[in-house]
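A.B. asks: Sharing a structure here in C-alpha cells format.
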2 protein chains.
Amino acid sequence: MSKEVKIIFQPSGRIVHALPGTVILEAAALAGFIIHTPCGGTGKCAKCIILIRNGKCPATEQELTALGKARTEEGFRLACLARITGPITIEIPENSLFQTHQKILTGDTGETRDVNPRVRKTVIQIPPLSPHETRSDLERLQAAGVSVPLTFLALQSLPNVLRSSNGLLTVVQADQDVIALEPGDTSSSCYGIAFDIGSTTLVGTLVDLLTGIDIAVAARVNPQTSFGDDVISRIQKCRGEKGGLMQLQSAILDGINRIIDELERKTRISRLSVYEVVFAGNTTMQQMLCGIDPSALGELPFTPAFRDALEFTARDLPLHVHPCAKITVFPQIGGFVGGDTTAGIVATRLDRTTEPTLLVDIGTNGEIVLKHGSLLLATSVAAGPAFEGARITNGMRATSGAIEKVILDGDVKLNVIGNTKPAGLCGTGLIDIAAELLRVGILDVTGRILPPDEIPATLPSALRDRLVADKGETHFLLVPKTESATGSPIFLYQRDIRELQLANAAIRAGINILLKMAGLEASQLGAILLAGGFGNFIRRNHARRIGMLPPIPCDKIRFVGNTSSFGAKRVLLSTQEKDYAARVVGQVRHVDLSLDPDFHLEFSNSMLFPEAE
Amino acid sequence: MSKEVKIIFQPSGRIVHALPGTVILEAAALAGFIIHTPCGGTGKCAKCIILIRNGKCPATEQELTALGKARTEEGFRLACLARITGPITIEIPENSLFQTHQKILTGDTGETRDVNPRVRKTVIQIPPLSPHETRSDLERLQAAGVSVPLTFLALQSLPNVLRSSNGLLTVVQADQDVIALEPGDTSSSCYGIAFDIGSTTLVGTLVDLLTGIDIAVAARVNPQTSFGDDVISRIQKCRGEKGGLMQLQSAILDGINRIIDELERKTRISRLSVYEVVFAGNTTMQQMLCGIDPSALGELPFTPAFRDALEFTARDLPLHVHPCAKITVFPQIGGFVGGDTTAGIVATRLDRTTEPTLLVDIGTNGEIVLKHGSLLLATSVAAGPAFEGARITNGMRATSGAIEKVILDGDVKLNVIGNTKPAGLCGTGLIDIAAELLRVGILDVTGRILPPDEIPATLPSALRDRLVADKGETHFLLVPKTESATGSPIFLYQRDIRELQLANAAIRAGINILLKMAGLEASQLGAILLAGGFGNFIRRNHARRIGMLPPIPCDKIRFVGNTSSFGAKRVLLSTQEKDYAARVVGQVRHVDLSLDPDFHLEFSNSMLFPEAE
C-alpha cells in the first residue's frame with residue numbers, strides 16, 4: 001500500500017494529506033477548495049488551471065494539448081486531470097476557484113463576502129488601582145466603557161484579568177453581550193467555525209472572523225451512521241428507545257468536537273479563540289444536535305420543533321470551543337427541509353436569480369428548491385444512502401480504493417481513488433456503471449440486467465463474459481478477484497440497481513412535482529445547480545442518462561459545491577447574512593410530498609430509466 | 001445517649017427532630033421560628049407563650065406562676081423554659097412569633113411580607129395537532145401567547161411537553177424569560193430557597209413562592225471550615241494555591257447542595273420545583289460561591305469584584321435545583337461588608353428607623369451598621385470564630401452537649417444543650433462564664449484569671465477549689481472528668497479568655513468608631529439590634545458585662561434573629577424587595593477600619609473588660 005503524501009496549497013498555506021494517484025481536484029476539495037469545473041471535470045474546458053510550485057507532477061497528453069508546451073513547462077496543470085505522485089506544493093489561482101454566487105447566478109454579480117460578524121474584540125486599558133479605590137472591579141470596568149452585565153464566566157475571570165498585563169485587556173463582545181475578558185491584547189485572534197452537519201458527513205470550516213478567510217477544513221463521517229444509514233431509522237431510535245435521543249446527540253456532538261480538535265491540531269489556533277459557531281443541517285440533524293426530540297418528524301404532519309434560527313451558547317451542548325461562544329442553528333423551512341436548504345439558498349442567492357432555477361442537493365436526503373418568478377418551492381426526498389455507498393453490496397464511500405468512474409469501452413475501464421486496487425463502488429461509480437450498462441444495452445429501462453442470451457449480439461465478448469446468472473437474476477462482474485484489493489470479486493448485483501432506481505426516482509419525482517406546481521417544463525429551466533460534496537463529482541451526462549436529472553443541456557447543469565457549508569460560513573461572517581437567512585425562510589413554500597397525491601405516480605414513473613436520447 | 005424525638009409545629013406543620021431536654025425556644029429556632037423573647041429568654045416577661053397540642057411537657061414552677069394553673073392545664077407554656085421530653089406537637093401563636101420589622105423598628109408598622117416573586121406559573125392549553133398543521137412546535141406555543149425565546153432547556157423539552165397531557169402545560173416564567181415548560185397543571189408547586197451563607201454556618205430556608213410561607217429550614221457547617229476558621233485563611237489559600245479557589249468553591253457548593261438534598265428529603269418537595277434561589281453572605285463567601293477569586297479582598301484596598309446584585313442560573317454553579325432556576329447573589333457594600341449586611345438592613349428596615357439604631361451581626365466576622373438621621377455607616381470586624389466555639393480549648397458549636405449557660409451560685413451551675421452530659425463550651429456559655437467570673441472577682445479587668453491566693457476571701461471554697469495553677473497561669477475547672485461526656489475534665493483556660501477578649505474588643509471597637517463618626521454617645525442609641533443565629537441566644541446583661549455591647553439598658557437590646565436569612569427570604573419573595581436592597585446599598589457608607597487611625601487605639605482600650613457597673 002502506498003502512503004499518503006503532504007500537499008500544500010498556496011496562497012493559503014493549507015495542508016492536506018492524500019494518497020499518490022489522487023486527482024488534484026479531489027485533493028483540493030479535501031482542503032476545502034472547490035475548483036471551478038464547468039465541463040464536469042473531463043479535461044475539456046481547461047478552466048481548472050492550477051500551478052505546481054514544488055514537487056513532481058507529470059503532464060498528461062490532454063494537458064499538453066489544452067495548455068500548450070510552454071505553460072506545462074512553467075508548471076501549469078489541469079486540476080481535473082493532474083494526479084499527485086509525491087509531496088507537492090500547488091498554487092490555486094483565484095479565478096480557478098469556484099465563486100459560489102458570482103459565477104453561477106445571474107443578477108448577482110459584484111457582490112463580495114461581507115465581513116461583519118457578531119463577535120468583535122476591543123482592547124482597553126484600565127487605570128492602575130489606587131490604594132484609596134472604593135469601587136468594585138466591575139465598577140472600574142464599567143468606568144472604562146464596558147457594558148454590563150457580563151456573562152458569568154467573564155465575571156469569574158474579572159479580578160485576575162484586571163490584575164494581569166498591567167490592566168491591559170481585551171473585551172470580547174457578541175452582539176451586546178460581553179462574553180469574555182482576556183488579559184493583554186488578543187485582538188488579532190478571533191475565529192469562528194461553520195459546520196455542515198449532514199446525515200452521513202460532518203464538515204467544519206475554521207474561519208478568521210477578522211479577515212473572512214478560511215483557515216482550515218476538517219470532515220468526518222457522522223458517528224450517528226452506526227445507528228442507521230438514514231434519518232428515519234435514527235428517528236425511530238428516538239421514538240422507541242429510552243435514552244435513544246441522548247445517544248444520538250452524543251454521537252453527533254462527538255463527531256463535531258473531534259472536528260474542532262482536528263482543526264486545532266492542524267492550525268495551532270486555540271479552540272478558546274473560537275467565539276462563534278454556525279450549524280446548517282437537515283431538520284433531524286439540527287434537532288438531534290440540540291437534543292430536541294425529533295420523534296414528531298417521524299409521523300404526520302412531520303412537525304419540526306422550531307422554524308426560526310436558534311441561538312444559544314457553546315456550553316449548552318457542550319462544544320469544545322470558548323464556553324461562551326455564540327451558537328447559531330440555521331432557520332428551517334419545514335418537515336425535512338432544513339437549515340442546509342436555507343443555507344443553500346443563502347449561498348447561491350437562489351431567490352435572486354432571474355431565470356427559472358433548480359437547486360438540487362444530493363445526499364442521504366435529497367433537497368430540491370425551485371425558483372421561478374416570485375415562487376420559491378422547496379421539498380425533500382428520502383434518496384437513501386445509496387449515493388454514499390451504503391446498501392450497495394460492494395458499495396463504499398468516495399475514499400481510497402473506491403471505483404469512482406467506469407467506462408465500458410470494449411472492456412471495463414475503471415478509475416480508482418488513490419490509484420490503488422479497487423475495493424468497492426462509490427456513488428459516482430454506481431451512476432457511471434448504470435449509465436454505461438444502459439448505453440451498451442446490458443441494462444434495460446426497467447432496471448433489469450439482461451442475461452447473456454438477451455443482450456445485443458454485437459456486444460464484445462469481454463463484456464458478455466462478465467454476466468453471471470444467479471437464481472433468475474443476472475449480475476455484472478466489475479473486478480475479478482485477482483485484481484481487487486480484497487481478494488474477492490466485485491460485482492454489480494441486480495439488487496444494487498434496484499437501490500439506485502429508488503434513490504434516482506425519489507429525486508426525479510421531487511423535481512417533476514415542483515416543476516409541475518410552478519407550471520414549468522424542464523426545458524424552461526435556466527440552470528440546475530448541483531450541490532453537496534457528492535454532487536460535485538457526478539458526471540452530468542450520466543446523471544441525465546439515468547434520469548436523475550431532466551434532459552437539459554449539460555452546460556446548464558452547474559456544480560455549486562457544499563452550499564450548506566458555504567451558507568453557514570456567510571452567516572458566520574455577517575449579521576446581514578443572518579438576517580437574509582431569516583427573511584428567505586419566510587419566502588419559501590414548503591412542499592410536503594407525502595401529502596401530494598401525484599408523488600407516488602411520479603415516483604413509479606421515475607423508477608424506469610429513460611429511453612436512449 | 002437519648003435519641004432525638006419528633007417535634008411538630010403548628011399551624012405550619014413543620015417538623016424538626018431534637019434531643020429530649022431541648023428548650024422549646026431552641027427547637028423552634030431549628031424549625032426556623034424565632035420566638036419573641038424581650039427578656040432574653042429568662043422566663044421573666046412571659047411573652048414567648050406557646051401551646052402544647054399533643055405530647056407531654058411538664059410545667060415548671062416558674063411557668064405556673066407566670067401563666068396560672070388554668071392556662072398551664074390548657075397546655076400553655078413558655079418557650080424559653082419548657083423542655084422537650086418526648087414526641088410533641090406545639091402551636092406557636094402568631095403574636096409569640098418575632099415580627100422582624102414590625103415589633104422592633106419604629107415608623108414601619110403595618111407592613112406585611114409581600115409575595116410578588118420573579119417566578120410565576122401559567123397554565124395553558126394548546127389546541128390538538130391537526131394533520132394539516134404546517135407550523136413548528138415553537139410557533140404553536142407562541143400562538144398560545146407564550147413569549148419567546150425560551151431557555152435552551154425549555155426548548156429541548158418542547159416537543160414532548162406539547163404531546164403529553166393532551167396539550168395542557170404549565171409555563172414557568174422568571175421575569176420575562178420562559179425557564180421551563182411542564183406537562184399538565186403544576187401551578188401549585190412553585191418554590192424558592194433563601195440561603196444565609198456564613199463563614200461557619202450555612203442555612204437554607206425552603207419557601208412556597210405562592211403563599212410566602214416557610215416550608216422547612218436546614219443548616220450545616222460550612223465545609224470550608226476545614227480549610228481555615230476565618231475568611232482570611234481561606235483567602236490566603238486562594239492566593240497561594242493553584243486550584244485553591246476551586247477547592248473552596250466546591251466545598252461551599254457541596255454544603256449548599258447537601259442542604260437542598262436535605263430539604264427535599266424532609267419535605268418531599270422535588271428540587272426541580274425550586275425555581276429561584278437567593279444568597280446572602282459576606283463578600284468572601286459570596287465571591288467564593290461564585291468562583292470569583294477573592295484574593296483582592298486580602299490586600300489593600302480590599303476590593304470586591306462586584307457591588308450590585310449578581311444574577312445567573314442554577315446550572316452556572318451548578319446547584320441541585322431546577323437547572324434554569326434564577327440565582328440572585330445579594331448586593332455588597334464594600335470590603336468585608338457583604339450581602340449579609342445588606343440583607344440585615346432589608347430585614348430590619350434599619351434605614352427607616354427614627355431613633356439612632358445599631359445593627360450588630362455577630363459571627364466569625366462581626367458586621368456593624370449604625371443608622372443616625374440620614375447617615376448609614378457600615379463596617380466589618382474580624383471577630384474570629386471564638387463565638388462559634390473554635391480556637392477555644394474546650395470550645396464547640398451550640399449543639400447537643402454544649403454548655404450554653406453558666407451561673408456561679410455558690411458552685412457552678414450549667415445548662416447543657418440536649419440535657420446530656422457536657423462535652424464543651426459554646427459561645428453563649430463562654431460569655432456567661434467570663435461575665436460570671438468577672439462578677440465574683442475571679443477574673444480581673446485585664447482578663448487575667450486570678451490564682452487562688454489573689455481572689456476575694458469571701459469566695460466559696462467550691463469555686464476556689466476549681467482554680468488550677470499551671471506555669472504561671474490559672475485555669476478554671478468547669479466540669480470534672482467524672483461528669484463530662486468525654487471522660488476528660490472541661491477547663492476554661494487563660495488562653496481562652498484571651499481569645500474572647502480579642503473577639504470582644506473587635507466588636508466593641510467597631511461600635512465605638514461608628515458612634516464617634518456619627519457624633520453619638522452610646523446612651524443616645526434608641527436600640528441595638530442583635531442579629532445572627534448566635535446573637536439570638538446571648539444573654540444581654542452578660543454581653544454588656546464583658547463590654548461587647550455598650551452599657552445601655554437591656555430592654556433596648558433586641559434580638560432580631562438571622563437577618564441574613566430573613567433579608568434573603570424577602571428578596572426571594574418580592575421584586576420590590578430586590579429593588580429596595582439595590583437602593584439601600586447605594587445609601588450605605590462603607591467604613592474601612594483598617595484605614596482608620598483610631599481603630600487600633602479603640603481596639604486596645606476594648607481589650608480591657610469594663611469595671612463593675
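Ordering of the C-alpha cells sets the chain letters (A, B, ...), residue numbers begin anew at 1 in every chain, and ligands are numbered from 1 in the order given.
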Kindly assemble as a tab-separated table a list of the chain B residues that lie within 8 Å of chain A, each paired with its nearest atom pair and their distance in Å to one decimal, using only C-alpha atoms, sorted first by chain and then by ascending residue number.
C.D. replies:
residue	atom	partner	partner_atom	distance
B:Ser130	CA	A:Pro301	CA	7.7
B:Pro131	CA	A:Pro301	CA	5.2
B:His132	CA	A:Pro301	CA	6.2
B:Glu133	CA	A:Pro301	CA	6.3
B:Thr134	CA	A:Thr303	CA	7.1
B:Arg135	CA	A:Thr303	CA	7.2
B:Ser136	CA	A:Phe306	CA	5.1
B:Asp137	CA	A:Ala305	CA	4.6
B:Leu138	CA	A:Phe306	CA	5.2
B:Glu139	CA	A:Phe306	CA	7.1
B:Phe152	CA	A:Phe312	CA	6.8
B:Leu155	CA	A:Ile292	CA	7.3
B:Gln156	CA	A:Ile292	CA	4.5
B:Ser157	CA	A:Ile292	CA	6.8
B:Leu158	CA	A:Ala305	CA	7.2
B:Pro159	CA	A:Ala305	CA	6.2
B:Asn160	CA	A:Asp293	CA	7.2
B:Cys290	CA	A:Gln156	CA	7.2
B:Gly291	CA	A:Gln156	CA	6.1
B:Ile292	CA	A:Gln156	CA	4.5
B:Asp293	CA	A:Pro159	CA	6.4
B:Pro294	CA	A:Pro159	CA	7.9
B:Ala296	CA	A:Pro159	CA	7.3
B:Leu300	CA	A:Pro131	CA	6.1
B:Pro301	CA	A:Pro131	CA	5.2
B:Thr303	CA	A:Ser136	CA	5.7
B:Pro304	CA	A:Ser136	CA	5.1
B:Ala305	CA	A:Asp137	CA	4.6
B:Phe306	CA	A:Ser136	CA	5.0
B:Arg307	CA	A:Ser136	CA	6.0
B:Phe312	CA	A:Phe152	CA	6.8
B:Asp316	CA	A:Phe152	CA	7.4
B:Gly334	CA	A:Thr134	CA	7.5
A.B. asks: Among stretch 163-257 of chain A, which ones does DSSP assign to strand (DSSP E) (computed from the backbone)? Answer as a PyMOL selection string.
C.D. replies: chain A and resi 168-174+177-183+191-197+201-208+214-221
A.B. asks: Can you tell me which residues surround stretch 232-240 of chain B at a distance of at most 8 Å, considering only C-alpha atoms, apart from same-chain residues fewer than 5 positions away, and format the answer as a PyMOL selection string?
C.D. replies: chain B and resi 224+227+245+248+284+293-295+297-298
A.B. asks: Save the residues we just selected, C-alpha atoms, as a compact mmCIF listing (two decimals), in the first residue's frame?
C.D. replies:
# COMPACT_ATOMS: atom_id res chain seq x y z
CA GLN B 224 -14.89 25.41 54.02
CA PHE B 227 -9.61 24.90 55.21
CA LEU B 245 -10.35 28.74 44.83
CA LEU B 248 -13.16 26.31 48.33
CA THR B 284 -15.68 36.49 50.61
CA ASP B 293 -11.15 34.92 43.03
CA PRO B 294 -11.32 36.82 46.36
CA SER B 295 -7.55 37.43 46.53
CA LEU B 297 -10.06 41.13 49.37
CA GLY B 298 -6.87 40.04 51.12
A.B. asks: Which one of A:Leu319, A:Ile90, A:Cys80, A:Val274 sits closest to A:Asp254 if you count only C-alpha atoms?
C.D. replies: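 Selected residue with least distance to A:Asp254: A:Leu319.
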A.B. asks: Contacts of A:Val146 at 8 Å or less, counting only C-alpha atoms, minus same-chain residues fewer than 4 places along, as a ChimeraX atom specification?
C.D. replies: /A:141-142,171
A.B. asks: Between atom CA of B:Glu499 and atom CA of B:Leu202, what is the distance, to one decimal in Å?
C.D. replies: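 These two atoms are separated by 23.7 Å.
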A.B. asks: With only C-alpha atoms as the counted atoms, please give the residues lying no more than 8 Å from B:Leu206, apart from itself and same-chain residues fewer than 5 positions off, as a list of chain:residue names.
C.D. replies: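 Skipping anything fewer than 5 positions along the chain leaves B:Tyr191, B:Gly192, B:Ile193, B:Ala194, B:Asp214, B:Ile215, B:Ala216, B:Val217, B:Leu263.
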A.B. asks: Pick out the residues sitting within 10 Å of stretch 119-127 of chain A, and hand them over as a PyMOL selection string; count only C-alpha atoms, and ignore anything fewer than 2 positions along from it in its own chain.
C.D. replies: chain A and resi 116-117+129-130+140-141+143-146+162-163+165-192+209-210+274-276+325-326+572-575
A.B. asks: Take the residues from that selection and write them out as a short mmCIF file (atom, residue, chain, number, x, y, z; two decimals), in the first residue's frame, keeping N, CA and C atoms.
C.D. replies:
data_model
loop_
_atom_site.label_atom_id
_atom_site.label_comp_id
_atom_site.auth_asym_id
_atom_site.auth_seq_id
_atom_site.Cartn_x
_atom_site.Cartn_y
_atom_site.Cartn_z
N ASN A 116 -18.68 41.07 8.75
CA ASN A 116 -19.32 41.88 9.77
C ASN A 116 -19.92 40.94 10.81
N PRO A 117 -19.02 40.20 11.48
CA PRO A 117 -19.52 39.14 12.37
C PRO A 117 -20.13 39.70 13.65
N LEU A 129 -4.74 50.50 40.03
CA LEU A 129 -5.56 50.51 41.24
C LEU A 129 -4.92 51.44 42.27
N SER A 130 -5.69 52.42 42.75
CA SER A 130 -5.15 53.30 43.78
C SER A 130 -5.44 52.66 45.14
N ARG A 140 -15.11 49.52 38.09
CA ARG A 140 -13.95 50.06 37.37
C ARG A 140 -14.02 49.69 35.88
N LEU A 141 -14.47 48.47 35.63
CA LEU A 141 -14.59 48.03 34.23
C LEU A 141 -15.65 48.87 33.51
N ALA A 143 -16.51 51.87 34.24
CA ALA A 143 -15.98 53.22 34.06
C ALA A 143 -15.11 53.30 32.81
N ALA A 144 -14.53 52.15 32.40
CA ALA A 144 -13.71 52.13 31.19
C ALA A 144 -14.57 51.93 29.94
N GLY A 145 -15.88 51.98 30.12
CA GLY A 145 -16.77 51.95 28.97
C GLY A 145 -17.29 50.59 28.57
N VAL A 146 -17.06 49.60 29.41
CA VAL A 146 -17.53 48.25 29.07
C VAL A 146 -18.96 48.09 29.57
N LEU A 162 -8.07 41.86 35.49
CA LEU A 162 -7.74 43.27 35.81
C LEU A 162 -6.35 43.40 36.41
N ARG A 163 -5.88 42.34 37.05
CA ARG A 163 -4.61 42.41 37.78
C ARG A 163 -3.44 41.80 37.02
N SER A 165 -1.21 41.78 33.12
CA SER A 165 -0.91 42.62 31.96
C SER A 165 -1.07 44.11 32.26
N ASN A 166 -0.83 44.52 33.48
CA ASN A 166 -0.92 45.94 33.86
C ASN A 166 -2.23 46.59 33.45
N GLY A 167 -3.29 45.86 33.56
CA GLY A 167 -4.61 46.45 33.28
C GLY A 167 -4.96 46.52 31.81
N LEU A 168 -4.08 46.01 30.94
CA LEU A 168 -4.41 45.95 29.50
C LEU A 168 -5.23 44.68 29.27
N LEU A 169 -6.39 44.85 28.68
CA LEU A 169 -7.21 43.66 28.47
C LEU A 169 -8.05 43.79 27.21
N THR A 170 -8.50 42.63 26.74
CA THR A 170 -9.31 42.58 25.53
C THR A 170 -10.72 42.13 25.89
N VAL A 171 -11.68 42.92 25.45
CA VAL A 171 -13.09 42.62 25.71
C VAL A 171 -13.66 41.93 24.47
N VAL A 172 -14.23 40.77 24.65
CA VAL A 172 -14.83 40.03 23.54
C VAL A 172 -16.34 40.21 23.63
N GLN A 173 -16.91 40.87 22.63
CA GLN A 173 -18.36 41.09 22.64
C GLN A 173 -19.02 40.35 21.50
N ALA A 174 -20.18 39.79 21.78
CA ALA A 174 -21.00 39.20 20.73
C ALA A 174 -22.33 39.91 20.81
N ASP A 175 -22.74 40.56 19.75
CA ASP A 175 -23.88 41.46 19.79
C ASP A 175 -23.66 42.42 20.96
N GLN A 176 -24.60 42.45 21.91
CA GLN A 176 -24.42 43.39 23.02
C GLN A 176 -23.75 42.75 24.24
N ASP A 177 -23.54 41.45 24.21
CA ASP A 177 -23.03 40.77 25.40
C ASP A 177 -21.51 40.71 25.46
N VAL A 178 -20.98 40.96 26.64
CA VAL A 178 -19.55 40.71 26.86
C VAL A 178 -19.41 39.24 27.21
N ILE A 179 -18.80 38.47 26.31
CA ILE A 179 -18.73 37.03 26.55
C ILE A 179 -17.40 36.61 27.15
N ALA A 180 -16.37 37.47 27.03
CA ALA A 180 -15.09 37.10 27.63
C ALA A 180 -14.24 38.33 27.85
N LEU A 181 -13.37 38.22 28.84
CA LEU A 181 -12.33 39.22 29.10
C LEU A 181 -11.01 38.47 29.04
N GLU A 182 -10.06 39.00 28.28
CA GLU A 182 -8.79 38.28 28.14
C GLU A 182 -7.65 39.22 28.51
N PRO A 183 -6.67 38.74 29.29
CA PRO A 183 -5.56 39.63 29.67
C PRO A 183 -4.72 39.99 28.45
N GLY A 184 -4.26 41.24 28.40
CA GLY A 184 -3.42 41.69 27.30
C GLY A 184 -4.21 41.94 26.03
N ASP A 185 -3.48 42.12 24.95
CA ASP A 185 -4.10 42.42 23.66
C ASP A 185 -4.20 41.12 22.84
N THR A 186 -5.38 40.57 22.72
CA THR A 186 -5.58 39.34 21.95
C THR A 186 -6.42 39.63 20.71
N SER A 187 -6.44 40.91 20.32
CA SER A 187 -7.40 41.32 19.29
C SER A 187 -7.16 40.66 17.93
N SER A 188 -5.96 40.11 17.72
CA SER A 188 -5.71 39.51 16.41
C SER A 188 -6.22 38.06 16.32
N SER A 189 -6.70 37.52 17.41
CA SER A 189 -7.18 36.13 17.39
C SER A 189 -8.69 36.09 17.58
N CYS A 190 -9.42 35.93 16.51
CA CYS A 190 -10.87 35.95 16.60
C CYS A 190 -11.42 35.02 15.51
N TYR A 191 -11.91 33.87 15.90
CA TYR A 191 -12.27 32.85 14.93
C TYR A 191 -13.69 32.33 15.11
N GLY A 192 -14.18 31.71 14.06
CA GLY A 192 -15.47 31.05 14.11
C GLY A 192 -15.39 29.76 13.31
N LEU A 209 -12.44 35.53 11.71
CA LEU A 209 -13.55 36.50 11.72
C LEU A 209 -13.07 37.93 11.47
N LEU A 210 -11.77 38.14 11.45
CA LEU A 210 -11.27 39.48 11.16
C LEU A 210 -11.16 39.70 9.65
N VAL A 274 -12.19 30.51 19.48
CA VAL A 274 -13.36 30.34 18.61
C VAL A 274 -14.59 30.82 19.39
N TYR A 275 -15.17 31.93 18.93
CA TYR A 275 -16.24 32.58 19.70
C TYR A 275 -17.61 32.46 19.05
N GLU A 276 -17.64 31.85 17.86
CA GLU A 276 -18.93 31.74 17.21
C GLU A 276 -18.93 30.49 16.34
N ALA A 325 -19.04 30.92 23.61
CA ALA A 325 -19.18 31.16 22.16
C ALA A 325 -20.66 31.13 21.79
N LYS A 326 -21.02 31.97 20.84
CA LYS A 326 -22.41 32.06 20.39
C LYS A 326 -22.65 30.99 19.32
N LEU A 572 -21.95 33.06 9.47
CA LEU A 572 -20.90 33.21 10.49
C LEU A 572 -20.22 34.56 10.36
N LEU A 573 -20.05 34.99 9.12
CA LEU A 573 -19.24 36.18 8.88
C LEU A 573 -20.02 37.48 8.91
N SER A 574 -21.34 37.40 8.86
CA SER A 574 -22.06 38.67 8.74
C SER A 574 -23.46 38.60 9.31
N THR A 575 -23.76 39.55 10.13
CA THR A 575 -25.11 39.61 10.70
C THR A 575 -26.15 39.91 9.61
#
A.B. asks: Run DSSP on the backbone and tell me which residues of stretch 163-379 of chain A come out as alpha helix (DSSP H); list them as a VMD selection string.
C.D. replies: chain A and resid 231 to 240 244 to 267 283 to 290 339 to 348
A.B. asks: With C-alpha atoms retained, could you export that selection as an mmCIF file, in the first residue's frame?
C.D. replies:
data_model
loop_
_atom_site.group_PDB
_atom_site.id
_atom_site.type_symbol
_atom_site.label_atom_id
_atom_site.label_comp_id
_atom_site.auth_asym_id
_atom_site.auth_seq_id
_atom_site.Cartn_x
_atom_site.Cartn_y
_atom_site.Cartn_z
ATOM 1 C CA VAL A 231 -32.655 9.810 9.264
ATOM 2 C CA ILE A 232 -35.819 7.711 9.547
ATOM 3 C CA SER A 233 -34.083 4.827 11.292
ATOM 4 C CA ARG A 234 -32.498 7.307 13.697
ATOM 5 C CA ILE A 235 -35.822 8.997 14.414
ATOM 6 C CA GLN A 236 -37.217 5.523 15.126
ATOM 7 C CA LYS A 237 -34.450 5.027 17.657
ATOM 8 C CA CYS A 238 -35.534 8.220 19.451
ATOM 9 C CA ARG A 239 -39.168 7.117 19.421
ATOM 10 C CA GLY A 240 -38.547 3.583 20.512
ATOM 11 C CA GLY A 244 -32.040 6.952 22.255
ATOM 12 C CA LEU A 245 -32.016 10.697 21.650
ATOM 13 C CA MET A 246 -29.210 11.173 24.132
ATOM 14 C CA GLN A 247 -27.130 8.510 22.371
ATOM 15 C CA LEU A 248 -27.681 10.148 19.012
ATOM 16 C CA GLN A 249 -26.936 13.617 20.335
ATOM 17 C CA SER A 250 -23.749 12.374 21.973
ATOM 18 C CA ALA A 251 -22.709 10.722 18.729
ATOM 19 C CA ILE A 252 -23.065 13.813 16.540
ATOM 20 C CA LEU A 253 -21.536 16.042 19.220
ATOM 21 C CA ASP A 254 -18.611 13.700 19.478
ATOM 22 C CA GLY A 255 -18.061 13.920 15.733
ATOM 23 C CA ILE A 256 -18.283 17.704 15.814
ATOM 24 C CA ASN A 257 -15.936 18.013 18.756
ATOM 25 C CA ARG A 258 -13.416 15.736 17.069
ATOM 26 C CA ILE A 259 -13.507 18.044 14.069
ATOM 27 C CA ILE A 260 -12.858 21.002 16.385
ATOM 28 C CA ASP A 261 -9.953 19.083 17.938
ATOM 29 C CA GLU A 262 -8.590 18.335 14.485
ATOM 30 C CA LEU A 263 -8.867 21.969 13.406
ATOM 31 C CA GLU A 264 -6.926 22.996 16.494
ATOM 32 C CA ARG A 265 -4.246 20.357 15.852
ATOM 33 C CA LYS A 266 -3.914 21.332 12.204
ATOM 34 C CA THR A 267 -3.762 25.070 12.708
ATOM 35 C CA THR A 283 -34.205 19.289 10.423
ATOM 36 C CA THR A 284 -33.445 15.923 12.033
ATOM 37 C CA MET A 285 -29.719 16.595 12.395
ATOM 38 C CA GLN A 286 -30.347 20.094 13.728
ATOM 39 C CA GLN A 287 -32.825 18.867 16.324
ATOM 40 C CA MET A 288 -30.670 15.917 17.356
ATOM 41 C CA LEU A 289 -27.656 18.180 17.720
ATOM 42 C CA CYS A 290 -29.687 20.371 20.073
ATOM 43 C CA GLY A 339 -31.232 24.542 7.634
ATOM 44 C CA ASP A 340 -28.994 23.035 4.978
ATOM 45 C CA THR A 341 -31.524 24.060 2.331
ATOM 46 C CA THR A 342 -31.817 27.552 3.767
ATOM 47 C CA ALA A 343 -28.023 27.711 3.676
ATOM 48 C CA GLY A 344 -28.089 26.536 0.082
ATOM 49 C CA ILE A 345 -30.350 29.414 -0.891
ATOM 50 C CA VAL A 346 -28.192 31.882 1.045
ATOM 51 C CA ALA A 347 -25.028 30.548 -0.608
ATOM 52 C CA THR A 348 -26.383 30.597 -4.156
#
A.B. asks: What is the atom CA of A:Ile407-atom CA of A:His542 distance in Å, reported with one decimal?
C.D. replies: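 Separation of atom CA of A:Ile407 and atom CA of A:His542: 11.0 Å.
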A.B. asks: Which residues are near stretch 62-72 of chain A? Cut-off 9 Å, only C-alpha atoms, ignore same chain within fewer than 4 positions. Put them as a list of chain:residue names.
C.D. replies: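 Those residues are A:Gly43, A:Lys44, A:Cys45, A:Ala46, A:Ile49, A:Leu51, A:Phe76, A:Arg77, A:Leu78, A:Leu81, A:Ala82.
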